[in-house]
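This is structure_19.pdb. It holds PDB, C-alpha atoms.
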ATOM      1  CA  MET A   1     -64.935 156.202 -21.362  1.00  0.00           C
ATOM      2  CA  GLU A   2     -62.989 159.348 -20.591  1.00  0.00           C
ATOM      3  CA  VAL A   3     -64.737 161.563 -18.047  1.00  0.00           C
ATOM      4  CA  ILE A   4     -63.317 164.947 -17.067  1.00  0.00           C
ATOM      5  CA  ASN A   5     -64.391 167.057 -14.102  1.00  0.00           C
ATOM      6  CA  VAL A   6     -64.435 170.495 -15.720  1.00  0.00           C
ATOM      7  CA  THR A   7     -64.884 172.271 -12.374  1.00  0.00           C
ATOM      8  CA  ALA A   8     -62.009 170.472 -10.636  1.00  0.00           C
ATOM      9  CA  ASP A   9     -59.879 173.619 -10.301  1.00  0.00           C
ATOM     10  CA  ALA A  10     -62.668 175.843  -8.991  1.00  0.00           C
ATOM     11  CA  GLU A  11     -61.872 178.317  -6.229  1.00  0.00           C
ATOM     12  CA  VAL A  12     -65.543 178.919  -5.418  1.00  0.00           C
ATOM     13  CA  PHE A  13     -68.244 176.556  -4.169  1.00  0.00           C
ATOM     14  CA  THR A  14     -69.604 174.488  -7.030  1.00  0.00           C
ATOM     15  CA  SER A  15     -70.728 171.012  -7.858  1.00  0.00           C
ATOM     16  CA  ASN A  16     -68.600 168.740  -9.933  1.00  0.00           C
ATOM     17  CA  ALA A  17     -69.497 168.986 -13.614  1.00  0.00           C
ATOM     18  CA  TYR A  18     -68.513 165.998 -15.708  1.00  0.00           C
ATOM     19  CA  LEU A  19     -67.681 166.024 -19.392  1.00  0.00           C
ATOM     20  CA  ALA A  20     -68.136 162.482 -20.700  1.00  0.00           C
ATOM     21  CA  LEU A  21     -66.295 162.180 -23.995  1.00  0.00           C
ATOM     22  CA  GLY A  22     -66.644 159.432 -26.572  1.00  0.00           C
ATOM     23  CA  THR A  23     -69.523 158.535 -28.857  1.00  0.00           C
ATOM     24  CA  GLU A  24     -71.781 161.385 -27.744  1.00  0.00           C
ATOM     25  CA  PRO A  25     -69.966 164.041 -25.693  1.00  0.00           C
ATOM     26  CA  THR A  26     -72.274 164.939 -22.816  1.00  0.00           C
ATOM     27  CA  LEU A  27     -72.014 167.307 -19.866  1.00  0.00           C
ATOM     28  CA  VAL A  28     -73.498 166.133 -16.575  1.00  0.00           C
ATOM     29  CA  ASP A  29     -74.416 169.288 -14.623  1.00  0.00           C
ATOM     30  CA  ALA A  30     -72.935 172.679 -15.411  1.00  0.00           C
ATOM     31  CA  GLY A  31     -71.552 173.788 -12.070  1.00  0.00           C
ATOM     32  CA  ALA A  32     -71.243 177.349 -10.817  1.00  0.00           C
ATOM     33  CA  VAL A  33     -67.823 178.433 -12.086  1.00  0.00           C
ATOM     34  CA  ASP A  34     -67.226 181.330 -14.462  1.00  0.00           C
ATOM     35  CA  GLY A  35     -65.229 180.095 -17.409  1.00  0.00           C
ATOM     36  CA  VAL A  36     -66.591 176.546 -17.457  1.00  0.00           C
ATOM     37  CA  VAL A  37     -67.380 176.996 -21.163  1.00  0.00           C
ATOM     38  CA  ASP A  38     -63.709 177.650 -21.906  1.00  0.00           C
ATOM     39  CA  THR A  39     -62.698 174.583 -19.923  1.00  0.00           C
ATOM     40  CA  ILE A  40     -65.111 172.402 -21.888  1.00  0.00           C
ATOM     41  CA  ARG A  41     -63.730 173.802 -25.160  1.00  0.00           C
ATOM     42  CA  GLU A  42     -60.260 172.662 -24.173  1.00  0.00           C
ATOM     43  CA  HIS A  43     -61.537 169.101 -24.620  1.00  0.00           C
ATOM     44  CA  THR A  44     -64.266 169.255 -27.280  1.00  0.00           C
ATOM     45  CA  ASP A  45     -65.752 171.633 -29.833  1.00  0.00           C
ATOM     46  CA  THR A  46     -69.220 170.128 -29.627  1.00  0.00           C
ATOM     47  CA  LEU A  47     -71.631 168.758 -27.059  1.00  0.00           C
ATOM     48  CA  GLU A  48     -74.480 166.410 -27.866  1.00  0.00           C
ATOM     49  CA  ARG A  49     -76.413 167.375 -24.743  1.00  0.00           C
ATOM     50  CA  VAL A  50     -76.355 168.594 -21.159  1.00  0.00           C
ATOM     51  CA  VAL A  51     -78.083 166.481 -18.510  1.00  0.00           C
ATOM     52  CA  VAL A  52     -79.010 167.808 -15.076  1.00  0.00           C
ATOM     53  CA  THR A  53     -79.067 165.734 -11.889  1.00  0.00           C
ATOM     54  CA  HIS A  54     -81.010 168.420  -9.988  1.00  0.00           C
ATOM     55  CA  GLN A  55     -81.431 172.152  -9.951  1.00  0.00           C
ATOM     56  CA  HIS A  56     -79.628 173.369  -6.845  1.00  0.00           C
ATOM     57  CA  SER A  57     -77.696 176.480  -7.809  1.00  0.00           C
ATOM     58  CA  ASP A  58     -74.253 174.918  -7.468  1.00  0.00           C
ATOM     59  CA  HIS A  59     -75.233 172.465 -10.227  1.00  0.00           C
ATOM     60  CA  VAL A  60     -76.995 174.785 -12.680  1.00  0.00           C
ATOM     61  CA  ALA A  61     -75.665 178.334 -12.239  1.00  0.00           C
ATOM     62  CA  GLU A  62     -73.681 178.066 -15.489  1.00  0.00           C
ATOM     63  CA  LEU A  63     -76.324 176.054 -17.361  1.00  0.00           C
ATOM     64  CA  GLY A  64     -77.481 179.001 -19.454  1.00  0.00           C
ATOM     65  CA  ALA A  65     -73.930 179.881 -20.462  1.00  0.00           C
ATOM     66  CA  VAL A  66     -73.161 176.306 -21.519  1.00  0.00           C
ATOM     67  CA  CYS A  67     -76.395 175.828 -23.457  1.00  0.00           C
ATOM     68  CA  SER A  68     -75.934 179.142 -25.236  1.00  0.00           C
ATOM     69  CA  ALA A  69     -72.270 178.596 -26.089  1.00  0.00           C
ATOM     70  CA  PHE A  70     -72.794 175.126 -27.558  1.00  0.00           C
ATOM     71  CA  ASP A  71     -76.393 175.540 -28.789  1.00  0.00           C
ATOM     72  CA  VAL A  72     -77.125 172.262 -27.052  1.00  0.00           C
ATOM     73  CA  ASP A  73     -80.252 170.484 -25.828  1.00  0.00           C
ATOM     74  CA  CYS A  74     -80.786 170.246 -22.085  1.00  0.00           C
ATOM     75  CA  TYR A  75     -82.361 167.238 -20.383  1.00  0.00           C
ATOM     76  CA  ALA A  76     -83.772 167.559 -16.859  1.00  0.00           C
ATOM     77  CA  TYR A  77     -86.476 166.119 -14.637  1.00  0.00           C
ATOM     78  CA  ALA A  78     -88.108 169.394 -13.580  1.00  0.00           C
ATOM     79  CA  ASP A  79     -88.996 172.449 -15.627  1.00  0.00           C
ATOM     80  CA  HIS A  80     -86.192 174.939 -16.262  1.00  0.00           C
ATOM     81  CA  ALA A  81     -85.746 177.802 -18.704  1.00  0.00           C
ATOM     82  CA  GLU A  82     -83.008 175.840 -20.481  1.00  0.00           C
ATOM     83  CA  ARG A  83     -84.736 172.457 -20.491  1.00  0.00           C
ATOM     84  CA  THR A  84     -85.623 171.178 -23.959  1.00  0.00           C
ATOM     85  CA  HIS A  85     -86.370 167.553 -22.999  1.00  0.00           C
ATOM     86  CA  GLU A  86     -88.048 166.149 -19.894  1.00  0.00           C
ATOM     87  CA  LEU A  87     -86.516 163.095 -18.252  1.00  0.00           C
ATOM     88  CA  THR A  88     -88.553 160.663 -16.189  1.00  0.00           C
ATOM     89  CA  ASP A  89     -87.734 157.563 -14.190  1.00  0.00           C
ATOM     90  CA  GLY A  90     -86.914 154.627 -16.436  1.00  0.00           C
ATOM     91  CA  ASP A  91     -85.842 156.694 -19.452  1.00  0.00           C
ATOM     92  CA  HIS A  92     -82.528 155.903 -21.122  1.00  0.00           C
ATOM     93  CA  ILE A  93     -80.035 158.452 -22.381  1.00  0.00           C
ATOM     94  CA  GLN A  94     -76.573 158.288 -23.911  1.00  0.00           C
ATOM     95  CA  ILE A  95     -73.789 159.828 -21.827  1.00  0.00           C
ATOM     96  CA  GLY A  96     -70.471 159.630 -23.649  1.00  0.00           C
ATOM     97  CA  ASP A  97     -69.990 155.975 -24.530  1.00  0.00           C
ATOM     98  CA  GLU A  98     -72.623 154.581 -22.173  1.00  0.00           C
ATOM     99  CA  LYS A  99     -76.369 154.215 -22.388  1.00  0.00           C
ATOM    100  CA  CYS A 100     -77.643 155.166 -18.952  1.00  0.00           C
ATOM    101  CA  GLU A 101     -80.933 154.566 -17.189  1.00  0.00           C
ATOM    102  CA  VAL A 102     -82.558 157.537 -15.492  1.00  0.00           C
ATOM    103  CA  VAL A 103     -83.427 156.802 -11.856  1.00  0.00           C
ATOM    104  CA  HIS A 104     -85.538 159.290  -9.921  1.00  0.00           C
ATOM    105  CA  THR A 105     -83.714 159.677  -6.607  1.00  0.00           C
ATOM    106  CA  PRO A 106     -85.433 162.329  -4.447  1.00  0.00           C
ATOM    107  CA  GLY A 107     -84.585 163.157  -0.865  1.00  0.00           C
ATOM    108  CA  HIS A 108     -81.828 165.716  -1.333  1.00  0.00           C
ATOM    109  CA  GLY A 109     -84.049 167.374  -3.931  1.00  0.00           C
ATOM    110  CA  ASP A 110     -87.495 166.472  -5.253  1.00  0.00           C
ATOM    111  CA  ASP A 111     -86.265 166.695  -8.841  1.00  0.00           C
ATOM    112  CA  HIS A 112     -83.096 164.674  -8.281  1.00  0.00           C
ATOM    113  CA  ILE A 113     -82.193 161.987 -10.802  1.00  0.00           C
ATOM    114  CA  SER A 114     -79.185 159.725 -11.145  1.00  0.00           C
ATOM    115  CA  PHE A 115     -77.799 158.065 -14.252  1.00  0.00           C
ATOM    116  CA  VAL A 116     -76.910 154.368 -14.116  1.00  0.00           C
ATOM    117  CA  GLY A 117     -74.782 152.985 -16.929  1.00  0.00           C
ATOM    118  CA  GLU A 118     -73.149 149.649 -17.544  1.00  0.00           C
ATOM    119  CA  ASN A 119     -69.908 150.715 -15.878  1.00  0.00           C
ATOM    120  CA  SER A 120     -70.607 154.199 -14.511  1.00  0.00           C
ATOM    121  CA  LEU A 121     -72.894 155.863 -11.988  1.00  0.00           C
ATOM    122  CA  PHE A 122     -73.525 159.604 -12.126  1.00  0.00           C
ATOM    123  CA  SER A 123     -75.057 159.955  -8.678  1.00  0.00           C
ATOM    124  CA  GLY A 124     -75.407 163.708  -8.225  1.00  0.00           C
ATOM    125  CA  ASP A 125     -75.715 164.437  -4.507  1.00  0.00           C
ATOM    126  CA  VAL A 126     -77.661 161.347  -3.426  1.00  0.00           C
ATOM    127  CA  VAL A 127     -74.528 159.286  -2.832  1.00  0.00           C
ATOM    128  CA  VAL A 128     -70.941 160.561  -2.822  1.00  0.00           C
ATOM    129  CA  TYR A 129     -67.620 158.916  -2.102  1.00  0.00           C
ATOM    130  CA  ASN A 130     -66.298 161.572   0.295  1.00  0.00           C
ATOM    131  CA  ASP A 131     -67.519 165.010   1.264  1.00  0.00           C
ATOM    132  CA  GLY A 132     -65.940 166.138   4.523  1.00  0.00           C
ATOM    133  CA  ALA A 133     -68.621 164.463   6.631  1.00  0.00           C
ATOM    134  CA  PHE A 134     -67.783 160.851   5.750  1.00  0.00           C
ATOM    135  CA  ASP A 135     -65.149 159.123   3.676  1.00  0.00           C
ATOM    136  CA  ASP A 136     -65.687 155.974   1.624  1.00  0.00           C
ATOM    137  CA  GLY A 137     -69.459 156.319   1.384  1.00  0.00           C
ATOM    138  CA  SER A 138     -71.547 159.385   2.177  1.00  0.00           C
ATOM    139  CA  PHE A 139     -74.938 160.815   1.199  1.00  0.00           C
ATOM    140  CA  GLY A 140     -76.567 164.129   0.383  1.00  0.00           C
ATOM    141  CA  ARG A 141     -77.674 166.423   3.165  1.00  0.00           C
ATOM    142  CA  THR A 142     -81.359 166.396   4.049  1.00  0.00           C
ATOM    143  CA  ASP A 143     -81.659 169.129   6.684  1.00  0.00           C
ATOM    144  CA  TYR A 144     -82.971 171.979   4.525  1.00  0.00           C
ATOM    145  CA  PRO A 145     -86.657 172.634   3.775  1.00  0.00           C
ATOM    146  CA  GLY A 146     -88.027 170.329   1.096  1.00  0.00           C
ATOM    147  CA  MET A 147     -85.468 167.618   1.820  1.00  0.00           C
ATOM    148  CA  SER A 148     -86.188 164.234   3.409  1.00  0.00           C
ATOM    149  CA  ARG A 149     -83.864 161.633   4.916  1.00  0.00           C
ATOM    150  CA  GLU A 150     -86.575 158.967   4.523  1.00  0.00           C
ATOM    151  CA  ARG A 151     -86.959 159.627   0.808  1.00  0.00           C
ATOM    152  CA  LEU A 152     -83.184 159.691   0.404  1.00  0.00           C
ATOM    153  CA  ILE A 153     -82.910 156.261   2.021  1.00  0.00           C
ATOM    154  CA  GLU A 154     -85.561 154.931  -0.355  1.00  0.00           C
ATOM    155  CA  SER A 155     -83.660 156.444  -3.278  1.00  0.00           C
ATOM    156  CA  ILE A 156     -80.403 154.757  -2.312  1.00  0.00           C
ATOM    157  CA  HIS A 157     -82.253 151.437  -2.080  1.00  0.00           C
ATOM    158  CA  GLU A 158     -83.621 152.071  -5.576  1.00  0.00           C
ATOM    159  CA  LEU A 159     -80.148 152.829  -6.923  1.00  0.00           C
ATOM    160  CA  LEU A 160     -78.839 149.543  -5.538  1.00  0.00           C
ATOM    161  CA  ASP A 161     -81.736 147.676  -7.139  1.00  0.00           C
ATOM    162  CA  ARG A 162     -81.014 149.208 -10.548  1.00  0.00           C
ATOM    163  CA  MET A 163     -77.197 148.978 -10.482  1.00  0.00           C
ATOM    164  CA  GLY A 164     -75.159 146.235 -12.048  1.00  0.00           C
ATOM    165  CA  ASP A 165     -71.419 145.846 -11.545  1.00  0.00           C
ATOM    166  CA  ILE A 166     -70.609 149.546 -11.569  1.00  0.00           C
ATOM    167  CA  GLU A 167     -66.903 150.365 -11.626  1.00  0.00           C
ATOM    168  CA  SER A 168     -66.868 154.182 -11.435  1.00  0.00           C
ATOM    169  CA  MET A 169     -68.935 156.674  -9.456  1.00  0.00           C
ATOM    170  CA  TYR A 170     -69.072 160.319 -10.497  1.00  0.00           C
ATOM    171  CA  ALA A 171     -70.743 162.218  -7.673  1.00  0.00           C
ATOM    172  CA  GLY A 172     -71.754 165.852  -7.427  1.00  0.00           C
ATOM    173  CA  HIS A 173     -69.146 166.551  -4.745  1.00  0.00           C
ATOM    174  CA  GLY A 174     -65.929 164.976  -3.557  1.00  0.00           C
ATOM    175  CA  ASP A 175     -63.685 162.635  -5.471  1.00  0.00           C
ATOM    176  CA  VAL A 176     -64.401 160.255  -8.309  1.00  0.00           C
ATOM    177  CA  TYR A 177     -64.346 156.676  -7.061  1.00  0.00           C
ATOM    178  CA  THR A 178     -63.205 153.681  -9.090  1.00  0.00           C
ATOM    179  CA  GLY A 179     -63.579 150.204  -7.648  1.00  0.00           C
ATOM    180  CA  ASP A 180     -66.381 148.390  -5.857  1.00  0.00           C
ATOM    181  CA  VAL A 181     -69.055 151.057  -6.172  1.00  0.00           C
ATOM    182  CA  ARG A 182     -71.820 148.869  -4.749  1.00  0.00           C
ATOM    183  CA  THR A 183     -69.992 148.544  -1.418  1.00  0.00           C
ATOM    184  CA  VAL A 184     -69.549 152.321  -1.225  1.00  0.00           C
ATOM    185  CA  VAL A 185     -73.259 152.888  -1.912  1.00  0.00           C
ATOM    186  CA  GLU A 186     -74.217 150.272   0.681  1.00  0.00           C
ATOM    187  CA  ARG A 187     -71.984 151.988   3.254  1.00  0.00           C
ATOM    188  CA  ALA A 188     -73.636 155.319   2.468  1.00  0.00           C
ATOM    189  CA  LEU A 189     -77.040 153.690   2.941  1.00  0.00           C
ATOM    190  CA  ASP A 190     -76.060 152.267   6.318  1.00  0.00           C
ATOM    191  CA  ARG A 191     -74.900 155.699   7.476  1.00  0.00           C
ATOM    192  CA  ALA A 192     -78.068 157.391   6.227  1.00  0.00           C
ATOM    193  CA  LYS A 193     -80.203 154.821   8.060  1.00  0.00           C
ATOM    194  CA  ARG A 194     -78.668 155.827  11.392  1.00  0.00           C
ATOM    195  CA  ARG A 195     -80.631 159.065  10.975  1.00  0.00           C
ATOM    196  CA  GLU A 196     -77.985 160.971  12.867  1.00  0.00           C
ATOM    197  CA  PRO A 197     -77.188 164.542  11.801  1.00  0.00           C
ATOM    198  CA  LYS A 198     -74.705 164.548   8.955  1.00  0.00           C
ATOM    199  CA  TYR A 199     -73.162 167.840  10.050  1.00  0.00           C
ATOM    200  CA  PRO A 200     -72.792 169.215  13.610  1.00  0.00           C
ATOM    201  CA  ASP A 201     -75.043 172.219  12.895  1.00  0.00           C
ATOM    202  CA  GLU A 202     -78.009 170.147  11.694  1.00  0.00           C
TER     203      GLU A 202
END
Please go through the file and, once you have read it, give me the structure as structure tokens.
Amino acid sequence: MEVINVTADAEVFTSNAYLALGTEPTLVDAGAVDGVVDTIREHTDTLERVVVTHQHSDHVAELGAVCSAFDVDCYAYADHAERTHELTDGDHIQIGDEKCEVVHTPGHGDDHISFVGENSLFSGDVVVYNDGAFDDGSFGRTDYPGMSRERLIESIHELLDRMGDIESMYAGHGDVYTGDVRTVVERALDRAKRREPKYPDE
């Protein structure tokens, strides 16, 4: 499956936003970059849907623009003005060429969900490959109000329980990782369990 990060060239703070092409072109998160609609149109004329990992502004600032431009349904866990379909833990949804299971993964955000496919993991901010704090296995920050390191740890355990032999991880920040995704997620879990501040100012 071809997956393109349509916010890769951003010069402002944004999440990664992934366009999964194939059977049912799907956008995972919309990012916070003006012009993301034009970037998507460079690769496809139509979208089947937009799915949202969570509603922090860096992931959804351009959601309205994308939904309007493509007249597309929006799937999310929590209520949002653009949401047309509610997702809950255990649901399945097509993302590009893969049927993915929805896994509720709170901790970084109460409404956070991840998408686990046969070969791909769209992990949002729960687990990332690298993010400036750690390389080769990191996790979402939990130091702001409404966040919880304990719930994040539980969520990473749940991801590991629901994952098969995943080959690619598409996280909300940092680089795409291809290889032994399970080992990266396990390393992120070990680091989260230390309960040390992720950033010096925490």
Checklist entry - Residues picked by the PyMOL selection byres ((chain A and resi 109) around 12) here, as JSON, numbers by chain? => result {"A": [53, 54, 55, 56, 57, 59, 77, 78, 104, 105, 106, 107, 108, 110, 111, 112, 113, 114, 124, 125, 126, 140, 141, 142, 143, 144, 145, 146, 147, 148, 149, 151, 152, 155]}
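Ranking A:Cys67, A:Ala20, A:Val116, A:Leu189 by their shortest atom-to-atom distance to Asp91 of chain A, with only C-alpha atoms included, puts A:Val116 first.
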Next on the checklist: Counting all atoms listed in the file, which residue out of A:Gly31, A:Gly137, A:Gly64, A:Gly96 sits closest to Val184 of chain A?
Outcome noted: A:Gly137
Residue contacts of Asp190 of chain A (12 Å, all atoms listed in the file) excluding same-chain residues fewer than 4 positions away, as a JSON list (two decimals) with C-alpha atoms, in the frame of the given file:
[["chain", "number", "residue", "atom", "x", "y", "z"],
["A", 127, "VAL", "CA", -74.53, 159.29, -2.83],
["A", 134, "PHE", "CA", -67.78, 160.85, 5.75],
["A", 136, "ASP", "CA", -65.69, 155.97, 1.62],
["A", 137, "GLY", "CA", -69.46, 156.32, 1.38],
["A", 138, "SER", "CA", -71.55, 159.38, 2.18],
["A", 139, "PHE", "CA", -74.94, 160.82, 1.20],
["A", 152, "LEU", "CA", -83.18, 159.69, 0.40],
["A", 153, "ILE", "CA", -82.91, 156.26, 2.02],
["A", 154, "GLU", "CA", -85.56, 154.93, -0.36],
["A", 156, "ILE", "CA", -80.40, 154.76, -2.31],
["A", 157, "HIS", "CA", -82.25, 151.44, -2.08],
["A", 183, "THR", "CA", -69.99, 148.54, -1.42],
["A", 184, "VAL", "CA", -69.55, 152.32, -1.23],
["A", 185, "VAL", "CA", -73.26, 152.89, -1.91],
["A", 186, "GLU", "CA", -74.22, 150.27, 0.68],
["A", 194, "ARG", "CA", -78.67, 155.83, 11.39],
["A", 195, "ARG", "CA", -80.63, 159.06, 10.98],
["A", 196, "GLU", "CA", -77.98, 160.97, 12.87]]
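Comparing A:Ala8, A:Ala32, A:Leu87, A:Val37 by their smallest distance to Gly174 of chain A, the closest is A:Ala8 (using only C-alpha atoms).
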Determine the residue set returned by the PyMOL selection byres ((chain A and resi 97) around 10) for the present structure, and present it as a PDB file with C-alpha atoms, in the frame of the given file.
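Output file expr.pdb is given in full below:
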ATOM      1  CA  MET A   1     -64.935 156.202 -21.362  1.00  0.00           C
ATOM      2  CA  GLU A   2     -62.989 159.348 -20.591  1.00  0.00           C
ATOM      3  CA  ALA A  20     -68.136 162.482 -20.700  1.00  0.00           C
ATOM      4  CA  LEU A  21     -66.295 162.180 -23.995  1.00  0.00           C
ATOM      5  CA  GLY A  22     -66.644 159.432 -26.572  1.00  0.00           C
ATOM      6  CA  THR A  23     -69.523 158.535 -28.857  1.00  0.00           C
ATOM      7  CA  GLU A  24     -71.781 161.385 -27.744  1.00  0.00           C
ATOM      8  CA  PRO A  25     -69.966 164.041 -25.693  1.00  0.00           C
ATOM      9  CA  THR A  26     -72.274 164.939 -22.816  1.00  0.00           C
ATOM     10  CA  GLN A  94     -76.573 158.288 -23.911  1.00  0.00           C
ATOM     11  CA  ILE A  95     -73.789 159.828 -21.827  1.00  0.00           C
ATOM     12  CA  GLY A  96     -70.471 159.630 -23.649  1.00  0.00           C
ATOM     13  CA  GLU A  98     -72.623 154.581 -22.173  1.00  0.00           C
ATOM     14  CA  LYS A  99     -76.369 154.215 -22.388  1.00  0.00           C
ATOM     15  CA  CYS A 100     -77.643 155.166 -18.952  1.00  0.00           C
ATOM     16  CA  GLY A 117     -74.782 152.985 -16.929  1.00  0.00           C
ATOM     17  CA  GLU A 118     -73.149 149.649 -17.544  1.00  0.00           C
TER      18      GLU A 118
END
Item to check | Point-to-point distance from atom CA of Ala10 of chain A to atom CA of Thr44 of chain A, Å rounded to tenths | outcome: 19.5 Å
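Shortest atom-to-atom contact with Thr7 of chain A among A:Glu158, A:Glu48, A:Asp89, A:Glu62: A:Glu62, counting all atoms listed in the file.
With atom CA of Val72 of chain A on one side and atom CA of His43 of chain A on the other, the separation reads 16.1 Å.
Among the candidate residues A:Ala30, A:Ala133, A:Ile166, A:Ile40, the one lying nearest to Tyr199 of chain A is A:Ala133, with distances computed using all atoms listed in the file.
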Each side padded by 6 Å, which centre and which edge lengths in Å (one decimal) define the axis-aligned box around the listed atoms of segment 126-139 of chain A? Give them as lines of an AutoDock Vina configuration file.
center_x = -71.4
center_y = 161.1
center_z = 1.6
size_x = 24.5
size_y = 22.2
size_z = 22.1
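Relative to atom CA of Leu160 of chain A, atom CA of Ser120 of chain A is found at 13.0 Å.
Nearest to Asp135 of chain A of all the residues A:Leu159, A:Ala188, A:Val103, A:Ala17 is A:Ala188, counting all atoms listed in the file.
Here the PyMOL selection byres ((chain A and resi 12) around 10) captures the residues A:Thr7, A:Asp9, A:Ala10, A:Glu11, A:Phe13, A:Thr14, A:Ser15, A:Ala32, A:Val33, A:Asp34, A:Asp58.
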Within 12 Å of Ser68 of chain A, counting all atoms listed in the file, which residues qualify if same-chain residues fewer than 2 places away don't, as a tab-separated table (two decimals) with C-alpha atoms, keeping the file's coordinate frame?
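Listed below is the output, selection_36.tsv:
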chain	number	residue	atom	x	y	z
A	37	VAL	CA	-67.38	177.00	-21.16
A	47	LEU	CA	-71.63	168.76	-27.06
A	49	ARG	CA	-76.41	167.38	-24.74
A	50	VAL	CA	-76.36	168.59	-21.16
A	62	GLU	CA	-73.68	178.07	-15.49
A	63	LEU	CA	-76.32	176.05	-17.36
A	64	GLY	CA	-77.48	179.00	-19.45
A	65	ALA	CA	-73.93	179.88	-20.46
A	66	VAL	CA	-73.16	176.31	-21.52
A	70	PHE	CA	-72.79	175.13	-27.56
A	71	ASP	CA	-76.39	175.54	-28.79
A	72	VAL	CA	-77.12	172.26	-27.05
A	73	ASP	CA	-80.25	170.48	-25.83
A	74	CYS	CA	-80.79	170.25	-22.08
A	81	ALA	CA	-85.75	177.80	-18.70
A	82	GLU	CA	-83.01	175.84	-20.48
Next on the checklist: So that I can see what lies close to Glu167 of chain A, please list as a list in words the residues with an atom at most 7 Å from it, counting only C-alpha atoms and leaving out residues fewer than 3 positions away in the same chain.
Outcome noted: Asn119, Ser120, Thr178, Gly179, Asp180 and Val181 of chain A
Please supply segment 27-32 of chain A, rebuilt with all heavy atoms, as a short mmCIF file (atom, residue, chain, number, x, y, z; two decimals), keeping the file's coordinate frame.
data_model
loop_
_atom_site.label_atom_id
_atom_site.label_comp_id
_atom_site.auth_asym_id
_atom_site.auth_seq_id
_atom_site.Cartn_x
_atom_site.Cartn_y
_atom_site.Cartn_z
N LEU A 27 -72.36 166.67 -21.13
CA LEU A 27 -72.01 167.31 -19.87
C LEU A 27 -73.06 166.94 -18.83
O LEU A 27 -74.26 167.10 -19.06
CB LEU A 27 -71.95 168.82 -20.03
CG LEU A 27 -71.46 169.61 -18.81
CD1 LEU A 27 -69.97 169.35 -18.57
CD2 LEU A 27 -71.74 171.10 -18.97
N VAL A 28 -72.61 166.44 -17.69
CA VAL A 28 -73.50 166.13 -16.58
C VAL A 28 -73.36 167.25 -15.55
O VAL A 28 -72.33 167.37 -14.88
CB VAL A 28 -73.16 164.77 -15.94
CG1 VAL A 28 -74.13 164.47 -14.78
CG2 VAL A 28 -73.21 163.65 -16.98
N ASP A 29 -74.39 168.08 -15.45
CA ASP A 29 -74.42 169.29 -14.62
C ASP A 29 -73.45 170.33 -15.18
O ASP A 29 -72.49 170.00 -15.90
CB ASP A 29 -74.13 168.99 -13.16
CG ASP A 29 -75.28 168.24 -12.49
OD1 ASP A 29 -76.43 168.39 -12.94
OD2 ASP A 29 -75.03 167.51 -11.51
N ALA A 30 -73.72 171.59 -14.85
CA ALA A 30 -72.94 172.68 -15.41
C ALA A 30 -72.09 173.41 -14.38
O ALA A 30 -71.22 174.19 -14.73
CB ALA A 30 -73.86 173.68 -16.11
N GLY A 31 -72.35 173.15 -13.10
CA GLY A 31 -71.55 173.79 -12.07
C GLY A 31 -71.87 175.27 -11.91
O GLY A 31 -72.84 175.79 -12.47
N ALA A 32 -71.02 175.94 -11.15
CA ALA A 32 -71.24 177.35 -10.82
C ALA A 32 -69.95 178.15 -10.94
O ALA A 32 -69.69 179.06 -10.15
CB ALA A 32 -71.81 177.47 -9.40
#
